[in-house]
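> After the structure tokens below, expect a handful of questions from me.
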Amino acid sequence: MAELRPQLSAVEQRVLGALVEKQRTVPASYPLTLSSLRSACNQTSSREPVTDYDDSVLRATLKELRDRELVRAVWTGAGSRVVKFHQRLEEHLGVGEPELAVLTVLLLRGPQAPGELRTRTARLHPFEDRAEVEATLRGLAELPEPLVVELERRAGQQDRRWAHLLGPLPEPVESPSPSVDRDVVIAAGTDVRDARVLAGYDAAAAGYARELAGELEHKPFDCWLLDRIAGEATGGPVADVGTGPGHVAARLAASGAAVVGVDLSPAMIDEARSRFPDVVFEVGDLTNLLRPRAAAGWSAITAWYAFVHMAASELPTVIAGLARVLVPGGRLAFALHVGEEVRHVDELFGAPVDLDFVLHRASEVVDAVTTAGLVDIEWYLRSPLPDVETPTDRLYVLARRPL
């Protein structure tokens, strides 16, 4: 019989983590062949560190795991000669879905903060909030044979991280990379964050519009992408959410799109209407975007820096919500800042504010788009334009709702 809390080598951790993950996220292709397992172990997204295990290493690891009853070999279909592999870690640990989701991500990515875990477990189990993740971790730590442990905070880290106890803990390093908790922006609740955002942009609307309403004149890539989106909408309705002073919506309209600009801030909508009177603007919440009045859905939705105040864990739900109100074949396009930081500002274009700006991680953003079921994903990363933009890298994502 395999041990209740097995001690796994680094390769065994990756193999079992990959099998559990794929069982949940792509059940139609599970159990995995050796080739599929190799791809799952060595994929370059959602893995830390990235590995390059070959078949001989994986065969030896699978044999060891089979001997320990942590993996079972199966043959699917009558007369099939192709062996596939099924994980048995779940049955040995005897934990529920939330607990297994947390352990899986810890196996695949190493020690992490609760906010990171909430974001990265979205495809495995939808945690309601950070508190639910923390409660799950506490439960695993308080088992008679604990499965996780809370690590001491080290220099450069904003939050304490958690590690699994299914194998040796990683050796501490002298200069760790900071662990950014992008869920800190909703630590007091989404209502509090939303109220700060609304108050901040109402206060800063005039200065914001004065400084940024003409910024697209200096941004050829943005103009190219917006013109492309307008053309691909082929006359169907387009929503520009988080429209701000309306310059993105105005560019879309100038390129022939039937566009509506939507923003949470009434003061921003007033600025947009005064500057671009021929474009339709409405006060609204992008997290509750309705379908257009005279169509089955939007032909395209743009969101230029509309996600800058959102926690990373919110992105999958927000993007999925926007995808649902697209017509089949409709496009979602957005831009945001990327990096390893959450920035707090007390002043914005001369107005006092209380705002946190989230620099997202590109791989997590693309994962959120994939989780939403969008296809034909394109993404572009560019550095800031000198003397024109805030000095952060920018990620642009373009995707399509399946036909």
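Letters A, B, ... mark the chains of the structure tokens in the order given; residue numbers begin at 1 per chain; ligand numbers begin at 1, in order shown.
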Can you pull out the residues contacting range 320-323 of chain A? Cut-off 7 Å, using only C-alpha atoms, and skip same-chain residues under 2 positions away; I want them as a list in words.
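Counting only C-alpha atoms, the residues come to Thr287, Leu289, Pro316, Thr317, Val318, Val325, Leu326, Ala372 and Arg401 of chain A.
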> Can you write out the residues you just picked, keeping all heavy atoms, as an mmCIF file, in the first residue's frame?

data_model
loop_
_atom_site.group_PDB
_atom_site.id
_atom_site.type_symbol
_atom_site.label_atom_id
_atom_site.label_comp_id
_atom_site.auth_asym_id
_atom_site.auth_seq_id
_atom_site.Cartn_x
_atom_site.Cartn_y
_atom_site.Cartn_z
ATOM 1 N N THR A 287 -18.339 44.622 -15.733
ATOM 2 C CA THR A 287 -18.538 43.291 -15.161
ATOM 3 C C THR A 287 -19.985 42.837 -15.276
ATOM 4 O O THR A 287 -20.298 41.709 -14.922
ATOM 5 C CB THR A 287 -18.110 43.253 -13.683
ATOM 6 O OG1 THR A 287 -18.964 44.108 -12.917
ATOM 7 C CG2 THR A 287 -16.668 43.698 -13.527
ATOM 8 N N LEU A 289 -21.925 43.745 -18.324
ATOM 9 C CA LEU A 289 -22.255 44.286 -19.637
ATOM 10 C C LEU A 289 -23.411 43.504 -20.252
ATOM 11 O O LEU A 289 -23.367 42.276 -20.334
ATOM 12 C CB LEU A 289 -21.035 44.219 -20.556
ATOM 13 C CG LEU A 289 -21.204 44.817 -21.951
ATOM 14 C CD1 LEU A 289 -21.407 46.326 -21.873
ATOM 15 C CD2 LEU A 289 -20.005 44.466 -22.831
ATOM 16 N N PRO A 316 -10.346 35.792 -14.869
ATOM 17 C CA PRO A 316 -11.076 34.728 -15.575
ATOM 18 C C PRO A 316 -12.580 34.952 -15.613
ATOM 19 O O PRO A 316 -13.224 34.748 -16.649
ATOM 20 C CB PRO A 316 -10.716 33.469 -14.766
ATOM 21 C CG PRO A 316 -9.395 33.780 -14.150
ATOM 22 C CD PRO A 316 -9.466 35.243 -13.811
ATOM 23 N N THR A 317 -13.159 35.406 -14.502
ATOM 24 C CA THR A 317 -14.610 35.629 -14.450
ATOM 25 C C THR A 317 -15.017 36.817 -15.304
ATOM 26 O O THR A 317 -16.010 36.766 -16.039
ATOM 27 C CB THR A 317 -15.055 35.856 -13.001
ATOM 28 O OG1 THR A 317 -14.724 34.701 -12.222
ATOM 29 C CG2 THR A 317 -16.551 36.094 -12.919
ATOM 30 N N VAL A 318 -14.243 37.898 -15.239
ATOM 31 C CA VAL A 318 -14.570 39.101 -16.008
ATOM 32 C C VAL A 318 -14.464 38.828 -17.501
ATOM 33 O O VAL A 318 -15.352 39.188 -18.286
ATOM 34 C CB VAL A 318 -13.650 40.260 -15.594
ATOM 35 C CG1 VAL A 318 -13.794 41.434 -16.557
ATOM 36 C CG2 VAL A 318 -13.977 40.714 -14.177
ATOM 37 N N VAL A 325 -21.268 37.709 -23.979
ATOM 38 C CA VAL A 325 -22.153 38.646 -24.688
ATOM 39 C C VAL A 325 -21.623 38.994 -26.074
ATOM 40 O O VAL A 325 -22.120 39.921 -26.718
ATOM 41 C CB VAL A 325 -22.407 39.920 -23.849
ATOM 42 C CG1 VAL A 325 -23.207 39.577 -22.613
ATOM 43 C CG2 VAL A 325 -21.102 40.614 -23.470
ATOM 44 N N LEU A 326 -20.610 38.270 -26.548
ATOM 45 C CA LEU A 326 -20.171 38.372 -27.931
ATOM 46 C C LEU A 326 -21.030 37.469 -28.813
ATOM 47 O O LEU A 326 -21.506 36.415 -28.368
ATOM 48 C CB LEU A 326 -18.711 37.932 -28.072
ATOM 49 C CG LEU A 326 -17.622 38.847 -27.522
ATOM 50 C CD1 LEU A 326 -16.294 38.108 -27.505
ATOM 51 C CD2 LEU A 326 -17.508 40.116 -28.350
ATOM 52 N N ALA A 372 -11.718 31.099 -20.488
ATOM 53 C CA ALA A 372 -13.013 31.649 -20.896
ATOM 54 C C ALA A 372 -13.559 30.978 -22.151
ATOM 55 O O ALA A 372 -14.687 31.259 -22.561
ATOM 56 C CB ALA A 372 -12.895 33.151 -21.120
ATOM 57 N N ARG A 401 -14.651 34.511 -29.940
ATOM 58 C CA ARG A 401 -15.612 33.508 -29.445
ATOM 59 C C ARG A 401 -15.828 32.465 -30.534
ATOM 60 O O ARG A 401 -16.012 32.817 -31.710
ATOM 61 C CB ARG A 401 -16.940 34.158 -29.089
ATOM 62 C CG ARG A 401 -17.958 33.156 -28.552
ATOM 63 C CD ARG A 401 -19.264 33.813 -28.133
ATOM 64 N NE ARG A 401 -20.239 32.806 -27.727
ATOM 65 C CZ ARG A 401 -21.458 33.062 -27.309
ATOM 66 N NH1 ARG A 401 -21.885 34.333 -27.215
ATOM 67 N NH2 ARG A 401 -22.274 32.086 -26.950
#
> Can you tell me, as a PyMOL selection string, what residues are no more than 9 Å from Gln13 in chain A when counting only C-alpha atoms, ignoring any on the same chain fewer than 2 positions away?
chain A and resi 8-11+15-18+104+107-108+166-167
> Take the residues from that selection and put them in a file with N, CA, C and O atoms, as an mmCIF file, in the first residue's frame.

data_model
loop_
_atom_site.group_PDB
_atom_site.id
_atom_site.type_symbol
_atom_site.label_atom_id
_atom_site.label_comp_id
_atom_site.auth_asym_id
_atom_site.auth_seq_id
_atom_site.Cartn_x
_atom_site.Cartn_y
_atom_site.Cartn_z
ATOM 1 N N LEU A 8 7.672 12.739 -2.442
ATOM 2 C CA LEU A 8 7.862 12.680 -3.883
ATOM 3 C C LEU A 8 9.105 13.457 -4.299
ATOM 4 O O LEU A 8 9.367 14.551 -3.792
ATOM 5 N N SER A 9 9.825 12.904 -5.252
ATOM 6 C CA SER A 9 10.939 13.632 -5.850
ATOM 7 C C SER A 9 10.387 14.751 -6.730
ATOM 8 O O SER A 9 9.176 14.818 -6.997
ATOM 9 N N ALA A 10 11.263 15.619 -7.220
ATOM 10 C CA ALA A 10 10.828 16.724 -8.072
ATOM 11 C C ALA A 10 10.134 16.202 -9.337
ATOM 12 O O ALA A 10 9.102 16.748 -9.762
ATOM 13 N N VAL A 11 10.668 15.144 -9.937
ATOM 14 C CA VAL A 11 10.039 14.594 -11.145
ATOM 15 C C VAL A 11 8.685 13.985 -10.800
ATOM 16 O O VAL A 11 7.707 14.152 -11.534
ATOM 17 N N VAL A 15 5.028 14.953 -12.399
ATOM 18 C CA VAL A 15 4.205 13.949 -13.080
ATOM 19 C C VAL A 15 2.805 13.885 -12.460
ATOM 20 O O VAL A 15 1.790 13.957 -13.161
ATOM 21 N N LEU A 16 2.732 13.757 -11.141
ATOM 22 C CA LEU A 16 1.426 13.647 -10.489
ATOM 23 C C LEU A 16 0.638 14.945 -10.593
ATOM 24 O O LEU A 16 -0.583 14.931 -10.814
ATOM 25 N N GLY A 17 1.318 16.075 -10.443
ATOM 26 C CA GLY A 17 0.623 17.351 -10.599
ATOM 27 C C GLY A 17 0.045 17.511 -11.985
ATOM 28 O O GLY A 17 -1.095 17.961 -12.151
ATOM 29 N N ALA A 18 0.818 17.140 -13.008
ATOM 30 C CA ALA A 18 0.340 17.251 -14.383
ATOM 31 C C ALA A 18 -0.834 16.320 -14.644
ATOM 32 O O ALA A 18 -1.809 16.692 -15.327
ATOM 33 N N THR A 104 -2.427 20.578 -6.167
ATOM 34 C CA THR A 104 -1.981 20.414 -7.543
ATOM 35 C C THR A 104 -1.135 21.594 -7.985
ATOM 36 O O THR A 104 -0.057 21.433 -8.578
ATOM 37 N N LEU A 107 2.213 21.602 -6.320
ATOM 38 C CA LEU A 107 3.091 20.610 -6.930
ATOM 39 C C LEU A 107 3.701 21.126 -8.233
ATOM 40 O O LEU A 107 4.857 20.857 -8.554
ATOM 41 N N LEU A 108 2.914 21.880 -8.995
ATOM 42 C CA LEU A 108 3.355 22.329 -10.316
ATOM 43 C C LEU A 108 4.151 23.617 -10.291
ATOM 44 O O LEU A 108 4.930 23.888 -11.210
ATOM 45 N N LEU A 166 4.545 17.167 0.393
ATOM 46 C CA LEU A 166 4.622 15.902 -0.344
ATOM 47 C C LEU A 166 6.019 15.649 -0.893
ATOM 48 O O LEU A 166 6.199 14.794 -1.761
ATOM 49 N N GLY A 167 6.982 16.382 -0.418
ATOM 50 C CA GLY A 167 8.349 16.207 -0.846
ATOM 51 C C GLY A 167 9.216 17.225 -0.142
ATOM 52 O O GLY A 167 8.711 18.066 0.611
#
> Residues of range 302-376 of chain A classed as helix (DSSP H, G or I) by DSSP on the backbone are to be reported as a PyMOL selection string.
chain A and resi 312-324+362-371
> Pick out the closest residue to Val338 in chain A from this set: A:Gly115, A:Pro292, A:Gly96, A:Pro391. Count only C-alpha atoms.
A:Pro391
> Run DSSP on the backbone and tell me which residues of range 20-268 of chain A come out as strand (DSSP E); list them as a list in words.
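Those residues are Val71, Arg72, Ala73, Val74, Trp75, Val83, Lys84, Phe85, His86, Gln87, Val148, Val149, Glu150, Trp162, Ala163, His164, Pro237, Val238, Ala239, Asp240, Val241, Ala258, Val259, Val260, Gly261, Val262 and Asp263 of chain A.
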> Could you save the residues just selected, with N, CA, C and O atoms, as a compact mmCIF listing (two decimals), in the first residue's frame?

# COMPACT_ATOMS: atom_id res chain seq x y z
N VAL A 71 0.21 5.63 -9.37
CA VAL A 71 -0.17 5.74 -10.78
C VAL A 71 -0.65 4.37 -11.23
O VAL A 71 -0.13 3.35 -10.79
N ARG A 72 -1.64 4.37 -12.11
CA ARG A 72 -2.13 3.12 -12.69
C ARG A 72 -2.03 3.22 -14.21
O ARG A 72 -2.39 4.24 -14.80
N ALA A 73 -1.54 2.16 -14.86
CA ALA A 73 -1.51 2.09 -16.32
C ALA A 73 -2.84 1.51 -16.81
O ALA A 73 -3.37 0.56 -16.23
N VAL A 74 -3.38 2.12 -17.86
CA VAL A 74 -4.66 1.66 -18.41
C VAL A 74 -4.54 1.56 -19.93
O VAL A 74 -3.71 2.22 -20.55
N TRP A 75 -5.36 0.69 -20.50
CA TRP A 75 -5.47 0.57 -21.94
C TRP A 75 -6.91 0.90 -22.31
O TRP A 75 -7.85 0.31 -21.76
N VAL A 83 -0.63 2.39 -24.04
CA VAL A 83 -0.79 2.50 -22.60
C VAL A 83 -0.97 3.97 -22.23
O VAL A 83 -0.33 4.86 -22.79
N LYS A 84 -1.86 4.20 -21.28
CA LYS A 84 -2.09 5.54 -20.75
C LYS A 84 -1.97 5.48 -19.23
O LYS A 84 -2.03 4.41 -18.62
N PHE A 85 -1.84 6.65 -18.64
CA PHE A 85 -1.53 6.70 -17.21
C PHE A 85 -2.55 7.54 -16.46
O PHE A 85 -2.92 8.63 -16.90
N HIS A 86 -2.98 6.99 -15.31
CA HIS A 86 -4.00 7.61 -14.47
C HIS A 86 -3.43 7.80 -13.06
O HIS A 86 -2.81 6.88 -12.50
N GLN A 87 -3.61 8.98 -12.49
CA GLN A 87 -3.08 9.26 -11.15
C GLN A 87 -3.95 8.64 -10.06
O GLN A 87 -5.18 8.60 -10.17
N VAL A 148 0.33 20.68 4.06
CA VAL A 148 0.93 21.95 3.66
C VAL A 148 1.51 22.63 4.89
O VAL A 148 1.18 22.29 6.04
N VAL A 149 2.37 23.60 4.66
CA VAL A 149 2.96 24.37 5.75
C VAL A 149 3.08 25.82 5.30
O VAL A 149 3.35 26.10 4.13
N GLU A 150 2.88 26.75 6.23
CA GLU A 150 3.06 28.17 5.94
C GLU A 150 4.52 28.53 6.18
O GLU A 150 5.07 28.25 7.25
N TRP A 162 2.86 29.48 1.07
CA TRP A 162 2.57 28.14 1.54
C TRP A 162 3.26 27.14 0.62
O TRP A 162 3.39 27.36 -0.58
N ALA A 163 3.67 26.00 1.20
CA ALA A 163 4.30 24.93 0.44
C ALA A 163 3.64 23.60 0.80
O ALA A 163 3.14 23.43 1.91
N HIS A 164 3.64 22.66 -0.14
CA HIS A 164 3.12 21.32 0.16
C HIS A 164 4.16 20.54 0.94
O HIS A 164 5.36 20.88 0.96
N PRO A 237 -22.44 45.83 -33.86
CA PRO A 237 -22.23 46.69 -32.69
C PRO A 237 -20.94 46.36 -31.95
O PRO A 237 -20.58 45.20 -31.79
N VAL A 238 -20.26 47.40 -31.50
CA VAL A 238 -19.00 47.27 -30.79
C VAL A 238 -19.12 48.01 -29.46
O VAL A 238 -19.64 49.13 -29.41
N ALA A 239 -18.64 47.39 -28.39
CA ALA A 239 -18.62 48.04 -27.07
C ALA A 239 -17.17 48.31 -26.69
O ALA A 239 -16.33 47.43 -26.76
N ASP A 240 -16.91 49.56 -26.28
CA ASP A 240 -15.62 49.91 -25.71
C ASP A 240 -15.82 50.11 -24.22
O ASP A 240 -16.38 51.13 -23.80
N VAL A 241 -15.41 49.13 -23.41
CA VAL A 241 -15.68 49.19 -21.98
C VAL A 241 -14.50 49.82 -21.24
O VAL A 241 -13.35 49.68 -21.65
N ALA A 258 -19.75 50.75 -35.36
CA ALA A 258 -20.94 51.24 -34.67
C ALA A 258 -20.71 51.02 -33.18
O ALA A 258 -21.12 50.01 -32.61
N VAL A 259 -20.04 51.97 -32.53
CA VAL A 259 -19.49 51.75 -31.21
C VAL A 259 -20.29 52.48 -30.13
O VAL A 259 -20.83 53.55 -30.34
N VAL A 260 -20.32 51.85 -28.95
CA VAL A 260 -20.87 52.45 -27.74
C VAL A 260 -19.76 52.43 -26.70
O VAL A 260 -19.18 51.37 -26.43
N GLY A 261 -19.45 53.58 -26.11
CA GLY A 261 -18.46 53.65 -25.04
C GLY A 261 -19.13 53.52 -23.69
O GLY A 261 -20.14 54.18 -23.43
N VAL A 262 -18.60 52.66 -22.83
CA VAL A 262 -19.20 52.38 -21.51
C VAL A 262 -18.16 52.62 -20.43
O VAL A 262 -17.02 52.16 -20.55
N ASP A 263 -18.54 53.35 -19.38
CA ASP A 263 -17.63 53.58 -18.27
C ASP A 263 -18.41 53.71 -16.98
O ASP A 263 -19.55 54.19 -16.97
> Write out as a PyMOL selection string the residues lying within 12 Å of Ser29 in chain A, counting only C-alpha atoms and excluding same-chain residues fewer than 6 positions away.
chain A and resi 19+21-23+36-37+40+76+84-86
> Would you save the residues from that selection as a PDB file, in the first residue's frame, using C-alpha atoms?

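Result saved to out15.pdb:
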ATOM      1  CA  LEU A  19      -1.892  14.170 -14.325  1.00  0.00           C
ATOM      2  CA  GLU A  21      -4.391  18.996 -13.651  1.00  0.00           C
ATOM      3  CA  LYS A  22      -5.122  17.435 -17.037  1.00  0.00           C
ATOM      4  CA  GLN A  23      -7.747  15.121 -15.544  1.00  0.00           C
ATOM      5  CA  SER A  36       0.963  13.720 -23.731  1.00  0.00           C
ATOM      6  CA  LEU A  37       2.394  13.440 -20.238  1.00  0.00           C
ATOM      7  CA  ALA A  40       2.156  18.344 -19.859  1.00  0.00           C
ATOM      8  CA  THR A  76      -8.449   2.317 -23.534  1.00  0.00           C
ATOM      9  CA  LYS A  84      -2.086   5.537 -20.750  1.00  0.00           C
ATOM     10  CA  PHE A  85      -1.526   6.702 -17.215  1.00  0.00           C
ATOM     11  CA  HIS A  86      -4.001   7.614 -14.466  1.00  0.00           C
TER      12      HIS A  86
END
> So how many Å separate CA of Ser313 in chain A and CA of Gly246 in chain A, to one decimal?
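CA of Gly246 in chain A lies at a distance of 27.5 Å from CA of Ser313 in chain A.
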> Using only C-alpha atoms for the distances, tell me which of A:Leu290, A:Arg24, A:Asp354, A:Ser265 is nearest to Glu90 in chain A.
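Of all the options, A:Arg24 lies closest to Glu90 in chain A.
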> Within 10 Å of range 210-228 of chain A, which residues of range 303-366 of chain A come that close, and what is the closest atom pair and distance in Å for each? Count only C-alpha atoms and give it as a Markdown table.

| residue | atom | partner | partner_atom | distance |
| --- | --- | --- | --- | --- |
| A:Trp304 | CA | A:Asp222 | CA | 9.4 |
| A:Ala333 | CA | A:Leu226 | CA | 8.7 |
| A:Phe334 | CA | A:Leu226 | CA | 9.9 |
| A:Ala335 | CA | A:Asp222 | CA | 9.0 |
| A:Phe349 | CA | A:Glu211 | CA | 7.8 |
> Keeping all heavy atoms, export the residues of the selection given above as a short mmCIF file (atom, residue, chain, number, x, y, z; two decimals), in the first residue's frame.

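For reference, part_31.cif as written:
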data_model
loop_
_atom_site.label_atom_id
_atom_site.label_comp_id
_atom_site.auth_asym_id
_atom_site.auth_seq_id
_atom_site.Cartn_x
_atom_site.Cartn_y
_atom_site.Cartn_z
N TRP A 304 -9.46 48.88 -23.23
CA TRP A 304 -8.12 49.44 -23.18
C TRP A 304 -7.81 49.90 -21.76
O TRP A 304 -8.31 50.90 -21.29
CB TRP A 304 -8.00 50.60 -24.17
CG TRP A 304 -7.11 50.31 -25.35
CD1 TRP A 304 -6.05 51.03 -25.76
CD2 TRP A 304 -7.22 49.22 -26.27
NE1 TRP A 304 -5.47 50.46 -26.88
CE2 TRP A 304 -6.18 49.34 -27.21
CE3 TRP A 304 -8.08 48.12 -26.38
CZ2 TRP A 304 -5.97 48.43 -28.24
CZ3 TRP A 304 -7.89 47.22 -27.41
CH2 TRP A 304 -6.85 47.37 -28.32
N ALA A 333 -10.85 42.25 -27.47
CA ALA A 333 -9.50 42.79 -27.53
C ALA A 333 -9.27 43.69 -26.33
O ALA A 333 -10.14 44.49 -25.99
CB ALA A 333 -9.28 43.57 -28.83
N PHE A 334 -8.12 43.54 -25.69
CA PHE A 334 -7.85 44.40 -24.54
C PHE A 334 -6.36 44.65 -24.40
O PHE A 334 -5.53 43.91 -24.94
CB PHE A 334 -8.44 43.82 -23.26
CG PHE A 334 -7.94 42.46 -22.86
CD1 PHE A 334 -6.78 42.32 -22.10
CD2 PHE A 334 -8.63 41.31 -23.25
CE1 PHE A 334 -6.32 41.07 -21.72
CE2 PHE A 334 -8.17 40.05 -22.88
CZ PHE A 334 -7.02 39.92 -22.11
N ALA A 335 -6.05 45.70 -23.67
CA ALA A 335 -4.67 46.06 -23.37
C ALA A 335 -4.55 46.27 -21.87
O ALA A 335 -5.49 46.74 -21.22
CB ALA A 335 -4.28 47.34 -24.11
N PHE A 349 -3.39 62.96 -12.18
CA PHE A 349 -3.62 64.15 -12.99
C PHE A 349 -4.14 65.33 -12.17
O PHE A 349 -5.09 66.01 -12.53
CB PHE A 349 -4.57 63.84 -14.15
CG PHE A 349 -4.03 62.78 -15.08
CD1 PHE A 349 -4.63 61.54 -15.16
CD2 PHE A 349 -2.90 63.02 -15.87
CE1 PHE A 349 -4.13 60.56 -16.00
CE2 PHE A 349 -2.39 62.04 -16.70
CZ PHE A 349 -3.00 60.82 -16.79
#
> CA of Leu385 in chain A and CA of Arg196 in chain A are how many Å apart?
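Between CA of Leu385 in chain A and CA of Arg196 in chain A the gap is 28.7 Å.
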> Can you tell me which residues surround range 120-130 of chain A at a distance of at most 7 Å, considering only C-alpha atoms, apart from same-chain residues fewer than 2 positions away, and format the answer as an MDAnalysis selection string?
chainID A and resid 24:25 97:98 101:102 105 114:118 132:134 371
> Any chance you could export the current selection's all heavy atoms as a compact mmCIF listing (two decimals), in the first residue's frame?

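The result, stored in selection-v2.txt:
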# COMPACT_ATOMS: atom_id res chain seq x y z
N ARG A 24 -8.64 17.25 -14.74
CA ARG A 24 -9.68 18.24 -14.49
C ARG A 24 -9.92 19.15 -15.68
O ARG A 24 -11.05 19.52 -15.97
CB ARG A 24 -9.29 19.12 -13.29
CG ARG A 24 -9.81 18.72 -11.93
CD ARG A 24 -9.74 17.28 -11.62
NE ARG A 24 -10.26 16.93 -10.31
CZ ARG A 24 -10.04 15.79 -9.73
NH1 ARG A 24 -9.27 14.89 -10.33
NH2 ARG A 24 -10.56 15.50 -8.56
N THR A 25 -8.86 19.55 -16.37
CA THR A 25 -9.00 20.59 -17.38
C THR A 25 -9.25 20.06 -18.79
O THR A 25 -9.86 20.75 -19.60
CB THR A 25 -7.75 21.49 -17.41
OG1 THR A 25 -6.59 20.69 -17.67
CG2 THR A 25 -7.57 22.19 -16.06
N GLU A 97 -12.19 18.42 -3.48
CA GLU A 97 -11.81 19.16 -4.68
C GLU A 97 -11.04 20.44 -4.38
O GLU A 97 -10.02 20.71 -5.02
CB GLU A 97 -13.05 19.47 -5.52
CG GLU A 97 -12.75 20.21 -6.81
CD GLU A 97 -14.01 20.49 -7.62
OE1 GLU A 97 -14.67 19.52 -8.00
OE2 GLU A 97 -14.30 21.67 -7.84
N PRO A 98 -11.49 21.28 -3.43
CA PRO A 98 -10.71 22.50 -3.15
C PRO A 98 -9.29 22.19 -2.69
O PRO A 98 -8.32 22.82 -3.13
CB PRO A 98 -11.52 23.20 -2.05
CG PRO A 98 -12.89 22.62 -2.14
CD PRO A 98 -12.71 21.21 -2.60
N ALA A 101 -7.15 20.95 -5.57
CA ALA A 101 -6.77 22.04 -6.48
C ALA A 101 -5.55 22.79 -5.95
O ALA A 101 -4.60 23.07 -6.69
CB ALA A 101 -7.95 22.99 -6.66
N VAL A 102 -5.57 23.11 -4.66
CA VAL A 102 -4.44 23.81 -4.05
C VAL A 102 -3.17 22.97 -4.12
O VAL A 102 -2.10 23.45 -4.51
CB VAL A 102 -4.78 24.18 -2.59
CG1 VAL A 102 -3.53 24.61 -1.83
CG2 VAL A 102 -5.82 25.29 -2.55
N VAL A 105 -1.62 22.80 -7.71
CA VAL A 105 -0.86 23.99 -8.13
C VAL A 105 0.44 24.12 -7.35
O VAL A 105 1.47 24.53 -7.90
CB VAL A 105 -1.74 25.25 -7.99
CG1 VAL A 105 -0.96 26.50 -8.31
CG2 VAL A 105 -2.95 25.15 -8.92
N PRO A 114 -1.53 32.98 -0.86
CA PRO A 114 -2.94 32.65 -1.08
C PRO A 114 -3.55 33.35 -2.29
O PRO A 114 -4.34 32.75 -3.02
CB PRO A 114 -3.60 33.10 0.22
CG PRO A 114 -2.52 32.98 1.25
CD PRO A 114 -1.27 33.37 0.54
N GLY A 115 -3.19 34.61 -2.52
CA GLY A 115 -3.74 35.31 -3.68
C GLY A 115 -3.31 34.68 -4.98
O GLY A 115 -4.12 34.56 -5.92
N GLU A 116 -2.06 34.27 -5.07
CA GLU A 116 -1.58 33.58 -6.28
C GLU A 116 -2.32 32.26 -6.46
O GLU A 116 -2.70 31.90 -7.59
CB GLU A 116 -0.09 33.32 -6.16
CG GLU A 116 0.78 34.57 -6.16
CD GLU A 116 2.24 34.27 -5.91
OE1 GLU A 116 2.54 33.56 -4.92
OE2 GLU A 116 3.07 34.73 -6.69
N LEU A 117 -2.54 31.55 -5.37
CA LEU A 117 -3.23 30.26 -5.47
C LEU A 117 -4.66 30.44 -5.95
O LEU A 117 -5.16 29.64 -6.74
CB LEU A 117 -3.21 29.55 -4.11
CG LEU A 117 -1.88 28.91 -3.73
CD1 LEU A 117 -1.87 28.52 -2.27
CD2 LEU A 117 -1.61 27.70 -4.62
N ARG A 118 -5.33 31.48 -5.48
CA ARG A 118 -6.71 31.69 -5.93
C ARG A 118 -6.75 31.91 -7.44
O ARG A 118 -7.63 31.38 -8.14
CB ARG A 118 -7.32 32.90 -5.22
CG ARG A 118 -8.80 33.05 -5.56
CD ARG A 118 -9.40 34.33 -5.06
NE ARG A 118 -10.76 34.46 -5.56
CZ ARG A 118 -11.37 35.61 -5.72
NH1 ARG A 118 -10.76 36.74 -5.41
NH2 ARG A 118 -12.61 35.65 -6.18
N GLU A 132 -11.39 31.98 1.41
CA GLU A 132 -11.71 30.56 1.21
C GLU A 132 -10.44 29.76 0.93
O GLU A 132 -10.28 28.62 1.38
CB GLU A 132 -12.70 30.40 0.07
CG GLU A 132 -13.21 28.97 -0.09
CD GLU A 132 -14.22 28.81 -1.21
OE1 GLU A 132 -14.70 29.83 -1.72
OE2 GLU A 132 -14.51 27.64 -1.56
N VAL A 133 -9.51 30.37 0.17
CA VAL A 133 -8.22 29.71 -0.07
C VAL A 133 -7.48 29.52 1.24
O VAL A 133 -6.94 28.44 1.53
CB VAL A 133 -7.38 30.53 -1.06
CG1 VAL A 133 -6.01 29.86 -1.26
CG2 VAL A 133 -8.08 30.66 -2.40
N GLU A 134 -7.44 30.58 2.05
CA GLU A 134 -6.73 30.50 3.33
C GLU A 134 -7.34 29.45 4.24
O GLU A 134 -6.63 28.72 4.94
CB GLU A 134 -6.72 31.87 3.99
CG GLU A 134 -5.86 32.88 3.24
CD GLU A 134 -5.93 34.27 3.85
OE1 GLU A 134 -6.97 34.58 4.46
OE2 GLU A 134 -4.95 35.03 3.71
N THR A 371 -9.21 29.96 -20.47
CA THR A 371 -10.23 29.42 -19.57
C THR A 371 -11.62 29.89 -19.95
O THR A 371 -12.60 29.16 -19.78
CB THR A 371 -9.91 29.84 -18.12
OG1 THR A 371 -8.63 29.33 -17.76
CG2 THR A 371 -10.95 29.31 -17.14
> Please indicate the distance in Å from CA of Leu103 in chain A to CA of Ala60 in chain A, rounded to one decimal place.
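Between these atoms lies a distance of 23.4 Å.
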> What's around range 343-346 of chain A at 9 Å? Count only C-alpha atoms, leave out sequence neighbours fewer than 5 positions away in its own chain, and write the answer as a ChimeraX atom specification.
/A:351-359
